[in-house]
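**Q** Sending over a structure as structure tokens; questions will come in a sec.
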Amino acid sequence: MTVKQNTLKQEFTLCGKGLHTGKEATVTFKPASENTGYSLVRVDLEGRPVIPLIAKYVEMSERASCLVKDEIKIYTMEHAMAALYGCGIDNCIIELNTDEFPILDGSAKPFADAILKTGIQEQAADRRFFVVKEKIEFTCGQTKLTLLPDDTYNINLMVAYDSPYLRMQYATFTDGIDDFAKEIAPSRTFVFLREIEQLYTNNLIQGGDLDNAIVIADHSMSAEDIKRLAGLFKVDNIEVKEGILNNIQLYTENEPARHKLLDVIGDLSLCGRFIKGRVIAERPGHKANTSMAKMLYDAIQKAEKEDAYPDIDVNSEPLLDINKIRKLLPHRPPFLLVDKIFTVTGNAVIGCKNVTMNEPFFVGHFPEEPVMPGVLIVEAMSQCGGILVLNQVPDPENYSTYFMTIDRVKFRKKVVPGDTLIFKLRTLAPVKRNIVTMKGYAFVGKNLVCEGEFMAQVVKNKN
């Protein structure tokens, strides 16, 4: 069962101050078309520059995620990103009038609540996933993030600090809107009391106060310290109860760990795809999270290159076996050159041809050194492309596809008995006047052996 992409039903706006800059910020979330992902528009700058919210533009920043494109910076987007991802939004345009998202209550709850209140609109395109196929690790000091193969997106997280009030905590997440909105989104950011003055000195948390952060006090304070900190927070007095400033009640015993998990979701969403895999996060932070997001982004770009080997298991059960293929294509042995179809989407198809010594063309091509003729590799690719087109016709048995042009064909390696040809084709433009153009690739193993462009006409059979 395929999962479809989602966007917002309508736009919504939130306002507040930035955690680090203290600037007043207005952010508006708008619906976006399929396959656009998340992008941010700086409406306060000339030309309204756009920054795609992807790991390609990550720059290391203390205590927050930061993206930089053409010297334009965006800070502290992780809570909003976590809300979009956790609520299942694939495509969204975000308009911001300053360089930092509003911190609001220090959690993702205001964003998630607004998304669910506004409503989610399902779209026609299939959701784009990054499927973890092998272990991926990032390690820095005591911080370690590990991704493992899994059928769903789930996270196991552990944090540990040198503090009597936060020695070790655990949190878990399993993909699902209700789980995220109720269990993860409300978890607020936190800071240790001992860090606050240093952060202020470094011009950070200028917008921080006791309404948008949990302040953990793990050492005694003198009357002078209390007075100075009260001045920083602009309050009359400061109290400490069970290690938390001003009697703030934690929503859950492990709220700090849940907030760290929220940050992981938001930061990893910068890879640009929904993830199918298990994340094991040990003492994570924004630097580690965004570094892992960069690794995933690079892996996705490599895998989704046009001439990249399609990520399929040739031994898996096909979408279409030979009997179903025979119902779509008019070809018959010995000229039926597609054995299996693994995937068919709106504009792409992946299939295969098992090449054996029993192929009739090997009798004369060549008797002493059997090589599959290049024209038949092209024919096999085109038959695979024909399935892509005919699969979209209500009565495919009444139609055939015919070559009009074959261009830019390149043969890179020979194909011999025992090889399995994997075909990957995609349409270059929507079908118009029954004319379709396609780009095709053929692989043996992960080696590209042939590529070319085709134009074909879809014609209704006379009888």
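Simple scheme: letters A, B, ... for chains in structure tokens order, numbers from 1 for residues in each chain, numbers from 1 for ligands in the order shown.
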With a distance cut-off of 9 Å and only C-alpha atoms, select the neighbouring residues of Ala380 (chain A), excluding the residue or stretch itself and same-chain residues fewer than 5 positions from it, and output the selection as a compact mmCIF listing (two decimals) with C-alpha atoms, in the first residue's frame.

**A**
```txt
# COMPACT_ATOMS: atom_id res chain seq x y z
CA PHE A 335 10.51 -11.25 -28.76
CA LEU A 336 9.09 -10.66 -25.30
CA LEU A 337 12.18 -9.24 -23.56
CA VAL A 338 10.89 -8.25 -20.10
CA CYS A 352 14.35 -6.78 -15.49
CA LYS A 353 15.33 -9.31 -18.16
CA VAL A 375 19.44 -3.27 -30.56
CA GLY A 385 8.78 1.76 -20.99
CA PHE A 423 15.88 -1.38 -16.56
```

**Q** Neighbours of Thr401 (chain A) within 7 Å (only C-alpha atoms; same-chain residues fewer than 4 positions away dropped), as a PyMOL selection string?

**A** chain A and resi 386+456-459

**Q** Could you write out the selected residues, including C-alpha atoms, as a PDB file, in the first residue's frame?

**A**
```pdb
ATOM      1  CA  GLY A 386       5.721   0.542 -22.863  1.00  0.00           C
ATOM      2  CA  ALA A 456       6.988   6.525 -28.937  1.00  0.00           C
ATOM      3  CA  GLN A 457       3.378   6.766 -30.046  1.00  0.00           C
ATOM      4  CA  VAL A 458       0.541   5.043 -28.224  1.00  0.00           C
ATOM      5  CA  VAL A 459      -1.842   3.667 -30.827  1.00  0.00           C
TER       6      VAL A 459
END
```

**Q** Which residues come within 7 Å of Ile89 (chain A), counting only C-alpha atoms, excluding same-chain residues fewer than 4 positions away, as a PyMOL selection string?

**A** chain A and resi 6-7+84-85

**Q** Which residues, written as a PyMOL selection string, have at least one atom at most 8 Å from region 255-267 of chain A, with only C-alpha atoms counted and residues fewer than 3 positions away on the same chain left out?

**A** chain A and resi 65+77-83+85-86+107-108+155+157-159+169-173+184-185+187-190+250-252+270+284-286+289-290+293

**Q** Using only C-alpha atoms, can you tell me which of A:Leu388, A:Ile103, A:Val415, A:Val43 comes closest to Val431 (chain A)?

**A**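 Comparing A:Leu388, A:Ile103, A:Val415, A:Val43 against Val431 (chain A), the winner is A:Leu388.
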
**Q** Within 12 Å of Arg332 (chain A), counting only C-alpha atoms, which residues qualify if same-chain residues fewer than 5 places away don't, as a count of residues only?

**A** 9

**Q** Out of A:Tyr402, A:Ile312, A:Arg412, A:Thr345, which residue has the shortest atom-to-atom distance to Ile377 (chain A) when counting only C-alpha atoms?

**A** A:Arg412

**Q** Quote the spacing between CA of Leu116 (chain A) and CA of Val131 (chain A) in Å to one decimal place.

**A**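 Separating CA of Leu116 (chain A) from CA of Val131 (chain A) is a distance of 26.7 Å.
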
**Q** Measuring between only C-alpha atoms, which one of A:Met357, A:Ile406, A:Ala281, A:Cys15 shows the shortest distance to Cys140 (chain A)?

**A**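 Comparing A:Met357, A:Ile406, A:Ala281, A:Cys15 against Cys140 (chain A), the winner is A:Ala281.
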
**Q** As a list of chain:residue names, please: all residues of region 73-117 of chain A that backbone DSSP puts in strand (DSSP E).

**A**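 Reading the DSSP output for region 73-117 of chain A, strand (DSSP E) covers A:Lys73, A:Ile74, A:Tyr75, A:Cys92, A:Ile93, A:Ile94, A:Glu95, A:Leu96.
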
**Q** Take the selection from the previous step and output its residues with C-alpha atoms, as a short mmCIF file (atom, residue, chain, number, x, y, z; two decimals), in the first residue's frame.

**A**
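Just written: again.cif:
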```
data_model
loop_
_atom_site.label_atom_id
_atom_site.label_comp_id
_atom_site.auth_asym_id
_atom_site.auth_seq_id
_atom_site.Cartn_x
_atom_site.Cartn_y
_atom_site.Cartn_z
CA LYS A 73 20.88 32.75 7.66
CA ILE A 74 17.94 31.02 9.30
CA TYR A 75 18.07 29.87 12.93
CA CYS A 92 5.12 23.38 2.75
CA ILE A 93 6.17 26.96 1.96
CA ILE A 94 7.18 28.96 5.05
CA GLU A 95 7.34 32.74 5.04
CA LEU A 96 9.46 34.40 7.76
#
```

**Q** Using DSSP secondary structure from the backbone, list all helix (DSSP H, G or I) positions within region 11-175 of chain A, as a list in words.

**A**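 Those residues are Ala55, Lys56, Tyr57, Glu78, His79, Ala80, Met81, Ala82, Ala83, Leu84, Tyr85, Gly86, Lys109, Pro110, Phe111, Ala112, Asp113, Ala114, Ile115, Leu116, Lys117 and Thr118 of chain A.
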
**Q** Given the selection you just returned, output its residues as a file containing C-alpha atoms, formatted as a PDB file, in the first residue's frame.

**A**
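Full text of result.pdb as output:
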```pdb
ATOM      1  CA  ALA A  55      20.946  19.663   4.896  1.00  0.00           C
ATOM      2  CA  LYS A  56      22.939  21.017   1.956  1.00  0.00           C
ATOM      3  CA  TYR A  57      22.764  24.457   3.591  1.00  0.00           C
ATOM      4  CA  GLU A  78      14.024  22.500  14.286  1.00  0.00           C
ATOM      5  CA  HIS A  79      10.782  22.699  16.307  1.00  0.00           C
ATOM      6  CA  ALA A  80       8.738  23.779  13.281  1.00  0.00           C
ATOM      7  CA  MET A  81      10.441  21.141  11.117  1.00  0.00           C
ATOM      8  CA  ALA A  82       9.726  18.454  13.710  1.00  0.00           C
ATOM      9  CA  ALA A  83       6.056  19.466  13.750  1.00  0.00           C
ATOM     10  CA  LEU A  84       5.766  19.329   9.947  1.00  0.00           C
ATOM     11  CA  TYR A  85       7.505  15.970   9.775  1.00  0.00           C
ATOM     12  CA  GLY A  86       5.786  14.499  12.825  1.00  0.00           C
ATOM     13  CA  LYS A 109       3.253  21.921  20.281  1.00  0.00           C
ATOM     14  CA  PRO A 110       2.074  25.331  18.961  1.00  0.00           C
ATOM     15  CA  PHE A 111       3.219  24.324  15.449  1.00  0.00           C
ATOM     16  CA  ALA A 112       1.683  20.838  15.652  1.00  0.00           C
ATOM     17  CA  ASP A 113      -1.579  22.167  17.093  1.00  0.00           C
ATOM     18  CA  ALA A 114      -1.862  24.718  14.275  1.00  0.00           C
ATOM     19  CA  ILE A 115      -1.156  22.066  11.619  1.00  0.00           C
ATOM     20  CA  LEU A 116      -3.805  19.706  12.966  1.00  0.00           C
ATOM     21  CA  LYS A 117      -6.338  22.533  13.414  1.00  0.00           C
ATOM     22  CA  THR A 118      -5.716  23.806   9.876  1.00  0.00           C
TER      23      THR A 118
END
```

**Q** Which neighbours of region 363-370 of chain A fall inside 12 Å, counting only C-alpha atoms, when residues of the same chain fewer than 6 positions from it are skipped, and could you give them as JSON, numbers by chain?

**A** {"A": [355, 356, 357, 376, 414, 415, 416, 417, 418, 419]}

**Q** Identify, on the basis of only C-alpha atoms, every residue whose closest approach to Arg128 (chain A) does not exceed 12 Å; exclude the query and any residue fewer than 4 positions from it along the same chain; express the result as a PyMOL selection string.

**A** chain A and resi 2-6+34-37+88-91+271-276+300+304+345

**Q** Would you compute the distance between CA of Thr437 (chain A) and CA of Pro333 (chain A)? Give it in Å to one decimal.

**A**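 Straight-line distance from CA of Thr437 (chain A) to CA of Pro333 (chain A) works out to 26.0 Å.
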